[in-house]
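Here's the structure we're looking at; comments come further down.
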Amino acid sequence: MEHQAHAKLGAGPTAVFECLQRIPCNPCADACPRGAITVKEINDCPTLDVDRCNGCGICMTHCPGLSIFVVDLQYSPEAALVKIPYEFSPLPVQDEQVDALNRQGDYVGDARVIRVQKSSNKTHIIWLAVPKELAMEVRNLRLRKEPFHD
Amino acid sequence: MMEIELLVIGAGPAGLMAALHAAEAGAGVLLIERSDRLGGQLIKQTHKFFGSKAEYAGERGIDIAAKLIDACEKTKTITIWKNTPVLGIYPDGVVTALHQEKFCTIKPAKVIVATGAAEKTMAFPNNDLPGIYGAGAVQTLMNVHGVLPAKRILMVGAGNIGVIVAYQLLQAGVEVAGVVEASPQVGGYHVHAAKLQRHGVPIYTSHSVKAAHGDPFLEGVTICKLDKDWQPIAGSDQYIEVDGLCLAVGLSPLTELLWQAGCDMKYVAELGGYVPVRNGNLQTTEEHIFVAGDVSGVEEASAAMVEGKLAGMYIAALLGYQTANYEPELQLAREQLAALRSGPAGEKIRNGLSKVLCREVG
């Protein structure tokens with residue numbers, strides 16, 4: 001399976017769609033408050049107007065496939081921001097160091113949790129600061145010490 | 001004998017939607033469910049649904065179930081009988097059921113059979129060891145009763161059910177040793193498989209289960225690689241230590257009542273087995289009997305819900321309860337179904353349906 005993101009990144013945080021198979025699904029388009037996401041026919045893959053996207057991540061909580069991420073390459077001089085949809089318990093906490101995993105679940109580096117954004121529909125969004133060169137690789141996280149979580 | 005305008009058999013996604021839409025239009029409905037809970041498989045579906053807003057896309061199955069059940073329970077013109085197996089449908093139109101431990105008879109003007117589907121299983125040595133489950137049982141234990149089925153599990157089948165249940169197992173804290181799939185490709189949606197892969201779960205395509213081992217319960221499974229003719233390749237055996245094996249190898253429609261009622265049936269592999277011949281309004285060859293959901297062909301729950309809505313609205317109109325928006329709403333439901341089935345993911349369903357639709361209506 002190919003998981004090459006086809007979106008070009010905007011200046012700030014931008015949604016990255018790893019939704020590359022034509023399946024009948026379009027809640028992301030309905031979710032976007034800025035009208036940045038288009039799914040023409042329900043089986044089409046979504047297209048993003050990067051100029052309208054501000055990387056808010058609302059689409060991430062609605063996507064049934066958990067296939068949307070938000071990437072900000074300009075987060076800081078050293079680090080990029082990657083927002084990950086996360087449906088596991090316990091949740092990490094702010095400032096925690098976690099393992100950054102790639103699309104195959106392999107450890108590729110260290111990440112710091114910037115923010116844990118809880119969602120009422122239980123697809124929570126974890127903001128990770130990762131080394132810039134890993135921005136398009138990191139797509140999951142692994143907690144290091146479970147006992148300290150609630 | 002109880003007389004009713006519409007009898008709906010089965011309170012899963014199709015049956016609930018059928019009952020709601022028929023009652024909304026004005027029909028008196030009796031909704032019968034054999035288990036002690038309404039919702040069918042929806043009550044185990046902790047994942048978010050695909051589809052469009054009209055099919056509750058982006059919402060979790062359990063939340064959709066709660067909404068539909070609540071709406072049915074609040075509708076005064078829907079009578080709900082739980083714990084009630086339907087026993088037969090007879091040529092004079094009488095339906096028999098076991099209700100509150102008493103044999104009873106019902107005379108409905110119309111019937112919607114929405115009985116769903118049953119899991120298929122697989123033959124291999126020791127497939128009866130404790131620790132070997134169907135995916136439905138795993139979901140029932142885990143998501144309905146909060147019981148872990150195993151500590152380390154191997155999934156068989158990379159269709160949507162296999163990859164979704166494997167992900168739910170991870171969420172529940174079960175280690176997933178891998179997903180074994182006989183075909184060379186993942187059959188489920190790739191985004192579901194990607195969720196597993198980024199948790200490091202290997203997917204063994206072109207592999208199958210050769211044997212299970214353990215005494216007195218499952219301790220391990222031997223899998224082997226398959227060649228392009230789906231035959232085991234000698235020397236490719238691999239032993240995987242697990243205490244759970246989950247079979248997600250397909251479903252077949254639960255059609256006993258339709259056979260017994262005398263509906264014309266046809267074997268359509270793409271739809272999961274024998275399914276009733278019907279028209280575009282889900283009407284079978286027995287004029288007063290309709291179908292909706294997996295009993296008419298195994299598909300996603302989103303399609304089952306739209307079929308239920310369509311059949312419910314159509315029957316209400318036949319009974320004389322035609323709402324002002326009937327025509328456009330029926331047309332909309334047809335378009336919804338067509339859209340859900342229109343892409344490459346719906347090709348199998350489209351092929352199957354083309355063999356079993358006796359005539360196109362509308």
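Chain lettering (A, B, ...) mirrors the order of the structure tokens, residue numbering begins at 1 for each chain separately, and ligand numbering begins at 1 in order of display.
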Dump as a ChimeraX atom specification the residues of chain B that approach chain A to within 8 Å, counting only C-alpha atoms. /B:47-53,57-59,171,189-192,194-195,197-201,339-345
Tell me, which residues of chain A carry DSSP strand (DSSP E or B), written as a PyMOL selection string? chain A and resi 14-17+25+37-38+47-48+68-72+79-86+97-101+107-117+124-131+140-142
Do a neighbour search on stretch 47-52 of chain A at 9 Å with only C-alpha atoms, toss out local chain neighbours closer than 5 positions, and write the hits as an NGL selection string. :A and (7-11 or 14-17 or 34-40)
So which one's closest to A:Ala111, A:Pro13, A:Pro131, A:Pro85, A:Gly57? Using only C-alpha atoms, please. A:Pro131
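Interatomic distance, atom CA of B:Pro85 to atom CA of B:Leu310: 24.6 Å.
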Mind checking which residues fall within 9 Å of B:Met1, counting only C-alpha atoms, ignoring those fewer than 6 positions away in the same chain, and posting them as a list in words? Val94, Cys104, Thr105, Ile106 and Lys107 of chain B
Shell of 9 Å around B:Glu270, only C-alpha atoms, local chain residues under 6 positions omitted, as a list in words: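 Residues meeting the cut-off are Gly297, Val298, Lys348, Ile349, Arg350, Asn351, Gly352 and Leu353 of chain B.
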If you measure from atom CA of A:Val113 to atom CA of A:Asp95, what distance in Å do you get, rounded to one decimal? 4.9 Å
Which residues, written as a VMD selection string, have at least one atom at most 12 Å from A:Pro77, with only C-alpha atoms counted and residues fewer than 4 positions away on the same chain left out? chain A and resid 72 to 73 81 129 to 133
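The space between atom CA of A:Glu78 and atom CA of A:Gly12 spans 15.0 Å.
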